[in-house]
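S.K.: The following block contains the structure, expressed as structure tokens.
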Amino acid sequence: EEIGPLRDAINRLNIEIVERLADRVRVAREIGTVKSRHGRPIEDRSRETRVYHQVRDLAEEAGIDPADVETVFREIIELCIQAEREEGE
């Protein structure tokens, strides 16, 4: 069936996405450690805003809806903030 190989491709992409998310969380934990050591707040709204602008631009260049990509990244950033908090405690 012609959909089978496409689903296989999606499954491989899902693996890659989760692996990259795990990488991002690992880096966020390191950032949490550094922030804690230097007494810096975990949340950095100006940095988050810059990331949202960056991913919206990247989404536009890739031909996908920037607002939808921003929504996904809001969840990713929340996941990473939580990881920073846990590591910084």
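Here's how to read the names in the structure tokens: chain A, B, ... by the order shown, residue numbers from 1 in each chain, ligand numbers from 1 in the order shown.
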Which residues are near region 48-64 of chain A? Cut-off 12 Å, only C-alpha atoms, ignore same chain within fewer than 3 positions. Put them as a list in words.
M.R.: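 Within the cut-off, the hits are Ile42, Glu43, Asp44, Arg45, Ala67, Asp68, Val69, Glu70, Thr71, Val72, Phe73, Arg74, Glu75, Ile76, Ile77, Glu78, Cys80 and Ile81 of chain A.
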S.K.: At a cut-off of 12 Å, using only C-alpha atoms, what residues contact Glu87 (chain A)? Leave out same-chain residues fewer than 4 positions from it and give the result as an mmCIF file with N, CA and C atoms, in the first residue's frame.
M.R.:
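Everything below was put into part24.cif:
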data_model
loop_
_atom_site.group_PDB
_atom_site.id
_atom_site.type_symbol
_atom_site.label_atom_id
_atom_site.label_comp_id
_atom_site.auth_asym_id
_atom_site.auth_seq_id
_atom_site.Cartn_x
_atom_site.Cartn_y
_atom_site.Cartn_z
ATOM 1 N N VAL A 25 16.241 19.495 26.072
ATOM 2 C CA VAL A 25 15.993 19.421 27.515
ATOM 3 C C VAL A 25 17.311 19.255 28.270
ATOM 4 N N ARG A 26 18.223 18.453 27.746
ATOM 5 C CA ARG A 26 19.536 18.289 28.392
ATOM 6 C C ARG A 26 20.270 19.626 28.477
ATOM 7 N N VAL A 27 20.254 20.375 27.388
ATOM 8 C CA VAL A 27 20.907 21.694 27.394
ATOM 9 C C VAL A 27 20.185 22.628 28.361
ATOM 10 N N ALA A 28 18.861 22.579 28.394
ATOM 11 C CA ALA A 28 18.098 23.420 29.320
ATOM 12 C C ALA A 28 18.475 23.103 30.765
ATOM 13 N N ARG A 29 18.674 21.832 31.071
ATOM 14 C CA ARG A 29 19.099 21.468 32.429
ATOM 15 C C ARG A 29 20.452 22.095 32.753
ATOM 16 N N GLU A 30 21.357 22.059 31.798
ATOM 17 C CA GLU A 30 22.666 22.690 32.011
ATOM 18 C C GLU A 30 22.502 24.190 32.249
ATOM 19 N N ILE A 31 21.629 24.822 31.467
ATOM 20 C CA ILE A 31 21.360 26.242 31.642
ATOM 21 C C ILE A 31 20.781 26.498 33.032
ATOM 22 N N GLY A 32 19.879 25.627 33.481
ATOM 23 C CA GLY A 32 19.313 25.767 34.817
ATOM 24 C C GLY A 32 20.372 25.727 35.899
ATOM 25 N N THR A 33 21.356 24.845 35.728
ATOM 26 C CA THR A 33 22.455 24.759 36.683
ATOM 27 C C THR A 33 23.249 26.060 36.716
ATOM 28 N N VAL A 34 23.561 26.582 35.533
ATOM 29 C CA VAL A 34 24.338 27.827 35.447
ATOM 30 C C VAL A 34 23.544 28.985 36.038
ATOM 31 N N LYS A 35 22.275 29.083 35.698
ATOM 32 C CA LYS A 35 21.450 30.168 36.230
ATOM 33 C C LYS A 35 21.381 30.091 37.756
ATOM 34 N N SER A 36 21.223 28.892 38.280
ATOM 35 C CA SER A 36 21.154 28.713 39.722
ATOM 36 C C SER A 36 22.460 29.132 40.387
ATOM 37 N N ARG A 37 23.555 28.723 39.794
ATOM 38 C CA ARG A 37 24.873 29.055 40.340
ATOM 39 C C ARG A 37 25.089 30.564 40.396
ATOM 40 N N ILE A 42 15.058 31.782 36.284
ATOM 41 C CA ILE A 42 14.890 30.736 35.267
ATOM 42 C C ILE A 42 14.234 31.307 34.020
ATOM 43 N N CYS A 80 11.198 22.971 28.594
ATOM 44 C CA CYS A 80 12.587 23.305 28.929
ATOM 45 C C CYS A 80 12.678 24.168 30.180
ATOM 46 N N ILE A 81 11.733 25.069 30.375
ATOM 47 C CA ILE A 81 11.715 25.874 31.600
ATOM 48 C C ILE A 81 11.538 24.956 32.804
ATOM 49 N N GLN A 82 10.649 23.989 32.668
ATOM 50 C CA GLN A 82 10.439 23.030 33.762
ATOM 51 C C GLN A 82 11.730 22.256 34.046
ATOM 52 N N ALA A 83 12.439 21.858 32.994
ATOM 53 C CA ALA A 83 13.713 21.148 33.171
ATOM 54 C C ALA A 83 14.738 22.046 33.855
#
S.K.: When distances are computed from only C-alpha atoms, which of A:Arg7, A:Arg20, A:Arg12, A:Arg85 shows the smallest separation from Pro41 (chain A)?
M.R.: A:Arg85
S.K.: Rounded to one decimal, what separation in Å do you get between CA of Glu89 (chain A) and CA of Arg47 (chain A)?
M.R.: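 That distance, rounded to one decimal, is 21.2 Å.
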S.K.: In Å to one decimal, how far is CA of Ser46 (chain A) from CA of Asp65 (chain A)?
M.R.: 22.6 Å
S.K.: Would you mind telling me which residue in A:Glu1, A:Leu6, A:Leu79, A:Glu86 lies nearest to Leu21 (chain A) when using only C-alpha atoms?
M.R.: A:Leu79
